[in-house]
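Working notes, structure below.
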Amino acid sequence: MAWHDQASRDELYRDPYELYARARRAEGLTYVPEFEAWLVARDQDIREVLRRADDFSSAGALLPDITPAGPALAVLADGFEPRPTVVSSDGAAHRRHRAPLNRGLAAGRVAALAPYARECARGLVDGFAADGSAELVEAYARRLPGMVAGRLIGLEPADVPAAVLGGYRAEELLFRPLPPDAQAAAARDVVALQHLLDRCIGDHRADPREDLCSDMIAALAPGRGELTADQRHELVANLQNLLIAGFLTTSALVSTTLLHLLSHPRQWRMLCADPGLIPAAVEEGARFDTALQAFRRRTTRPVVLAGTHLPAGACVLVAFGSGNRDERRYARPDAFDIRRPENRPHLAYGHGPHACPGARLARLQLRITLEVFTRALPGLRLDGDRPPPRMRPTLIDRSPEELYAVW
C-alpha cells in the first residue's frame, strides 16, 4: 500500500464516525476503497449479517493490513503456523473452538476472577495515586486486562508482561507500516509469545488445572498423550487469539470510557456521587465509542443486503461502532450520556453465533475500574496542559494513544 493510501486509511481509522453517518444515510451499502470492502453501517443490517453466518463467512474476519517482508517472515518461521480460531472459523469448526471459551468464561468463572481483578485494580491505582498525575493508558489500562487475562488462562504472573508485549507487537506487525528491520524485531516478540504459550500448554497438559488453558487442551486435544505438532500449532494459535483479544479490546474499552467520562466532567462528578450509575456507564462507554469497531465477513454465495446485490466472495466490513450510533436505534446517538435509558442491547460485543464470549469479563473489568477510580480519585480530570488525546489508527482496539490525567 502506498504511503498516501495508508495515510487516508489511518485518517478514517482515527475518526470513522462521519463516514459511518454518511453510510447510514445512503441507499444500500457503501463501498469504501480504503477498506477494500462494502461498509455495513446500520444496526438492522449488521444484525442481519451476524445472524446469517452461513452466507457471510468469518474466514477472513481479521485480514492484516500489512504483509510482513522477508526478514520478518524468516523470524516467524521459527514460531508456530497460523491456524483457524474462534474468530476466523465457521459452522462446526467455530462451535468446536468456542465450546471451551463458553465454559471458561461462564458466569461462575468470571465471578471467581472478580476478587483478583479488584485487587489488581486497587494495586495499580495505589501505585500512582500519590503522584497527583499519570498517563492512564500505560499506567493502568494496558496493565489490568493483561493481568486478568493471564490469570484466566493460567499464565505465571512473571510471564504476563512478555505476553502483553507480544500481543501488541503482533498487532503492530500486521496492521502498522514498519521498515523491514522493525518488522523483524516485532516478529521476534511475537515468536517469543508463541513459545511462551507452547510452554504453558505443555505444563498444563502434564498437570491440568482449573483454568482456560487446561479447558482448551481438553477440548481441542482430548486425552493425556503427548501432543502432536498439529495440536500444538492449533492450541498456540487459539490461546494467542484469546489472550490478545482478551487484553487489547478490554484495554481499549477501559481507556476510551475513562477518556469520555473525563471529557464530560459533569458526568464524572455524577458517577462519583452516585455509584449506582456505574452499570449504565459501563454500557454507555461500550456503546458510544466501541472498542472493536468492525470485523470483516465474506459472502459465500450471491446475496442481497440492504438492497445491494453482492457476488460470492464479496468482502463486507461489519461496523459495530456505526450500528451503536444508528439514529433509528438511539435518540441523540452521538451524545455520551451515562443516564441513557436504552443503551442495551448494543453491538459492542457483536451479535449472533460469533457474539463475544468474553463480554461478561470485559464488563466486569470496566465496572471494577470505575468503582476503584471514583472512590480513590474523585478529583480526576484531564490534564489541561497536554494536547487533547489522539485516537490510535485502528478499528480493532479503538483507544487513545495516551491519556494524561491529574487530580
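Letters for chains follow the order of the C-alpha cells (A, B, ...), residue numbers begin at 1 for each chain, and ligand numbers begin at 1 in the order shown.
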
Give me, as JSON lines, each residue of range 304-351 of chain A that comes within 9 Å of range 53-70 of chain A, together with its shortest interatomic pair and the distance in Å at one decimal, counting only C-alpha atoms, with rows ordered by chain and rising residue number.
{"residue": "A:Cys315", "atom": "CA", "partner": "A:Gly60", "partner_atom": "CA", "distance": 8.7}
{"residue": "A:Val316", "atom": "CA", "partner": "A:Phe56", "partner_atom": "CA", "distance": 8.5}
{"residue": "A:Leu317", "atom": "CA", "partner": "A:Ala61", "partner_atom": "CA", "distance": 8.8}

### All residues 12 Å or closer to Asp126 in chain A, only C-alpha atoms, same chain fewer than 2 positions away omitted, as a PyMOL selection string
chain A and resi 119-124+128-132+134+139-140+372-373+375-377

Go through range 84-171 of chain A and flag each residue having an atom no more than 8 Å from range 181-197 of chain A; for those, report the closest pair of atoms plus their distance in Å to one decimal, using only C-alpha atoms, ordered by chain and rising number, as CSV.
residue,atom,partner,partner_atom,distance
A:Asp159,CA,A:Leu196,CA,7.8
A:Ala162,CA,A:Leu193,CA,6.9
A:Ala163,CA,A:Leu193,CA,5.5
A:Leu165,CA,A:Asp189,CA,7.2
A:Gly166,CA,A:Val190,CA,4.8
A:Gly167,CA,A:Val190,CA,7.0
A:Arg169,CA,A:Ala186,CA,5.3
A:Ala170,CA,A:Val190,CA,5.7

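Using only C-alpha atoms, the residues found no farther than 9 Å from Glu226 in chain A, other than those of its own chain fewer than 2 positions away, are Gly202, Arg205, Ala206, Gly223, Arg224 and Thr228 of chain A.
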
### Message
Using only C-alpha atoms, can you tell me which of A:Gly246, A:Pro100, A:Gly91, A:Pro71 comes closest to Asp397 in chain A?
### Response
A:Gly246

### A:Val75, A:Leu403, A:Leu220, A:Ala158 ranked by distance to Val137 in chain A, top pick (using only C-alpha atoms)
A:Leu403

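For the pair CA of Trp38 in chain A and CA of Ser255 in chain A, the separation is 29.3 Å.
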
#### Entry: Test item: residues at most 10 Å from Glu34 in chain A, only C-alpha atoms, excluding those fewer than 3 positions along its chain, as a list in words
Asp5, Gln6, Ala7, Ser8, Arg9, Asp10, Leu12, Tyr13, Tyr31 and Ala37 of chain A

### Query
Hey, which of A:Val164, A:Val86, A:Leu258, A:Leu310 ends up closest to Ala237 in chain A? Count only C-alpha atoms.
A:Val86

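Note that CA of Arg339 in chain A and CA of Leu271 in chain A are 10.0 Å apart.
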
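Distance annotation: of A:Gly323, A:Gly352, A:Pro357, A:Gly127, the residue with the minimal separation from Arg24 in chain A is A:Gly323; atom set is only C-alpha atoms.
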
### Message
Taking the DSSP secondary structure from the backbone, can you list the residues of range 7-105 of chain A that are alpha helix (DSSP H), as a count of residues only?
### Response
47

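Omitting Gly104 in chain A and its sequence neighbours fewer than 2 positions away, and counting only C-alpha atoms, the residues within 8 Å are A:Pro100, A:Leu101, A:Asn102, A:Ala106, A:Arg109, A:Asp211, A:Leu212, A:Asp215.
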
Print the selection's residues with all heavy atoms to a file, as a CSV table (one decimal), in the first residue's frame.
chain,number,residue,atom,x,y,z
A,100,PRO,N,-14.9,-24.5,24.6
A,100,PRO,CA,-14.1,-24.3,25.8
A,100,PRO,C,-14.2,-22.8,26.3
A,100,PRO,O,-14.1,-22.6,27.5
A,100,PRO,CB,-12.7,-24.7,25.4
A,100,PRO,CG,-12.6,-24.6,23.9
A,100,PRO,CD,-14.0,-24.9,23.5
A,101,LEU,N,-14.4,-21.9,25.4
A,101,LEU,CA,-14.5,-20.5,25.8
A,101,LEU,C,-15.8,-20.2,26.5
A,101,LEU,O,-15.8,-19.5,27.5
A,101,LEU,CB,-14.4,-19.5,24.6
A,101,LEU,CG,-13.1,-19.7,23.7
A,101,LEU,CD1,-13.2,-18.6,22.6
A,101,LEU,CD2,-11.9,-19.4,24.6
A,102,ASN,N,-16.9,-20.8,26.0
A,102,ASN,CA,-18.1,-20.7,26.7
A,102,ASN,C,-18.0,-21.2,28.2
A,102,ASN,O,-18.6,-20.7,29.1
A,102,ASN,CB,-19.2,-21.5,26.0
A,102,ASN,CG,-19.6,-20.8,24.7
A,102,ASN,OD1,-19.3,-19.6,24.5
A,102,ASN,ND2,-20.2,-21.5,23.8
A,106,ALA,N,-17.8,-18.7,31.6
A,106,ALA,CA,-19.2,-18.7,32.1
A,106,ALA,C,-19.2,-17.8,33.4
A,106,ALA,O,-18.2,-17.4,33.9
A,106,ALA,CB,-19.5,-20.1,32.5
A,109,ARG,N,-17.1,-18.7,36.5
A,109,ARG,CA,-15.6,-18.5,36.3
A,109,ARG,C,-15.3,-17.0,36.4
A,109,ARG,O,-14.3,-16.6,37.0
A,109,ARG,CB,-15.2,-19.1,35.0
A,109,ARG,CG,-15.1,-20.6,35.0
A,109,ARG,CD,-13.8,-21.1,35.6
A,109,ARG,NE,-13.6,-22.5,35.4
A,109,ARG,CZ,-12.9,-23.0,34.3
A,109,ARG,NH1,-12.4,-22.2,33.4
A,109,ARG,NH2,-12.8,-24.3,34.2
A,211,ASP,N,-8.3,-23.8,34.8
A,211,ASP,CA,-8.1,-22.5,34.0
A,211,ASP,C,-8.4,-22.8,32.5
A,211,ASP,O,-8.7,-23.9,32.1
A,211,ASP,CB,-6.7,-22.0,34.2
A,211,ASP,CG,-5.6,-23.0,33.9
A,211,ASP,OD1,-5.8,-23.7,32.9
A,211,ASP,OD2,-4.6,-23.0,34.6
A,212,LEU,N,-8.4,-21.7,31.8
A,212,LEU,CA,-8.8,-21.8,30.4
A,212,LEU,C,-7.8,-22.5,29.5
A,212,LEU,O,-8.2,-23.1,28.5
A,212,LEU,CB,-9.1,-20.4,29.8
A,212,LEU,CG,-10.0,-20.3,28.6
A,212,LEU,CD1,-11.2,-21.3,28.6
A,212,LEU,CD2,-10.5,-18.9,28.4
A,215,ASP,N,-8.8,-26.1,29.9
A,215,ASP,CA,-10.1,-26.3,29.2
A,215,ASP,C,-9.9,-26.5,27.7
A,215,ASP,O,-10.4,-27.3,27.1
A,215,ASP,CB,-11.0,-25.1,29.5
A,215,ASP,CG,-11.5,-25.1,30.9
A,215,ASP,OD1,-11.4,-26.1,31.6
A,215,ASP,OD2,-12.0,-24.0,31.3

### Task
Taking the DSSP assignment computed from this structure's backbone, write out as a list in words all residues of range 139-364 of chain A that belong to strand (DSSP E).
Ala294, Phe295, Arg296, Arg297, Arg298, Thr299, Val303, Val304, Leu305, Thr308, His309, Leu310, Cys315, Val316, Leu317, Val318 and Ala319 of chain A

### Query
Between CA of Ile278 in chain A and CA of Ala291 in chain A, what is the spacing in Å?
18.2 Å

### Task
Within 8 Å of Ala319 in chain A, counting only C-alpha atoms, which residues show up once you throw out same-chain ones fewer than 5 positions away? Write them as a ChimeraX atom specification, please.
/A:39-41,46,293-295

Selection above as a file: all heavy atoms, as a compact mmCIF listing (two decimals), in the first residue's frame:
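Heads up, here's the output in out_31.txt:
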# COMPACT_ATOMS: atom_id res chain seq x y z
N LEU A 39 -19.22 -1.32 3.32
CA LEU A 39 -19.44 -0.96 4.72
C LEU A 39 -20.89 -1.25 5.11
O LEU A 39 -21.82 -0.73 4.50
CB LEU A 39 -19.12 0.52 4.93
CG LEU A 39 -19.26 1.05 6.36
CD1 LEU A 39 -18.29 0.35 7.30
CD2 LEU A 39 -19.03 2.57 6.38
N VAL A 40 -21.06 -2.07 6.13
CA VAL A 40 -22.38 -2.37 6.69
C VAL A 40 -22.53 -1.50 7.93
O VAL A 40 -21.88 -1.76 8.95
CB VAL A 40 -22.54 -3.86 7.02
CG1 VAL A 40 -23.96 -4.16 7.48
CG2 VAL A 40 -22.17 -4.72 5.82
N ALA A 41 -23.35 -0.46 7.84
CA ALA A 41 -23.32 0.61 8.84
C ALA A 41 -24.56 0.71 9.71
O ALA A 41 -24.51 1.32 10.78
CB ALA A 41 -23.11 1.96 8.13
N ILE A 46 -26.42 -4.84 10.21
CA ILE A 46 -25.34 -5.51 10.94
C ILE A 46 -25.87 -6.78 11.60
O ILE A 46 -25.26 -7.86 11.49
CB ILE A 46 -24.74 -4.55 11.99
CG1 ILE A 46 -23.98 -3.42 11.30
CG2 ILE A 46 -23.82 -5.31 12.95
CD1 ILE A 46 -23.64 -2.27 12.22
N GLN A 293 -14.34 -1.85 16.62
CA GLN A 293 -15.20 -1.08 15.74
C GLN A 293 -15.81 -1.93 14.62
O GLN A 293 -16.94 -1.69 14.21
CB GLN A 293 -14.40 0.06 15.11
CG GLN A 293 -14.14 1.21 16.06
CD GLN A 293 -15.32 2.14 16.17
OE1 GLN A 293 -15.85 2.62 15.16
NE2 GLN A 293 -15.76 2.41 17.39
N ALA A 294 -15.06 -2.89 14.10
CA ALA A 294 -15.55 -3.60 12.92
C ALA A 294 -14.81 -4.91 12.71
O ALA A 294 -13.63 -5.04 13.10
CB ALA A 294 -15.39 -2.73 11.67
N PHE A 295 -15.48 -5.86 12.11
CA PHE A 295 -14.91 -7.13 11.65
C PHE A 295 -15.33 -7.35 10.20
O PHE A 295 -16.39 -6.87 9.76
CB PHE A 295 -15.44 -8.30 12.49
CG PHE A 295 -14.49 -8.80 13.53
CD1 PHE A 295 -14.93 -9.73 14.45
CD2 PHE A 295 -13.17 -8.39 13.60
CE1 PHE A 295 -14.08 -10.23 15.43
CE2 PHE A 295 -12.31 -8.87 14.58
CZ PHE A 295 -12.77 -9.80 15.49

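You can rank A:Leu29, A:Ile217, A:Ala405, A:Glu283 by their closest distance to His309 in chain A using only C-alpha atoms, and at the top of that list sits A:Leu29.
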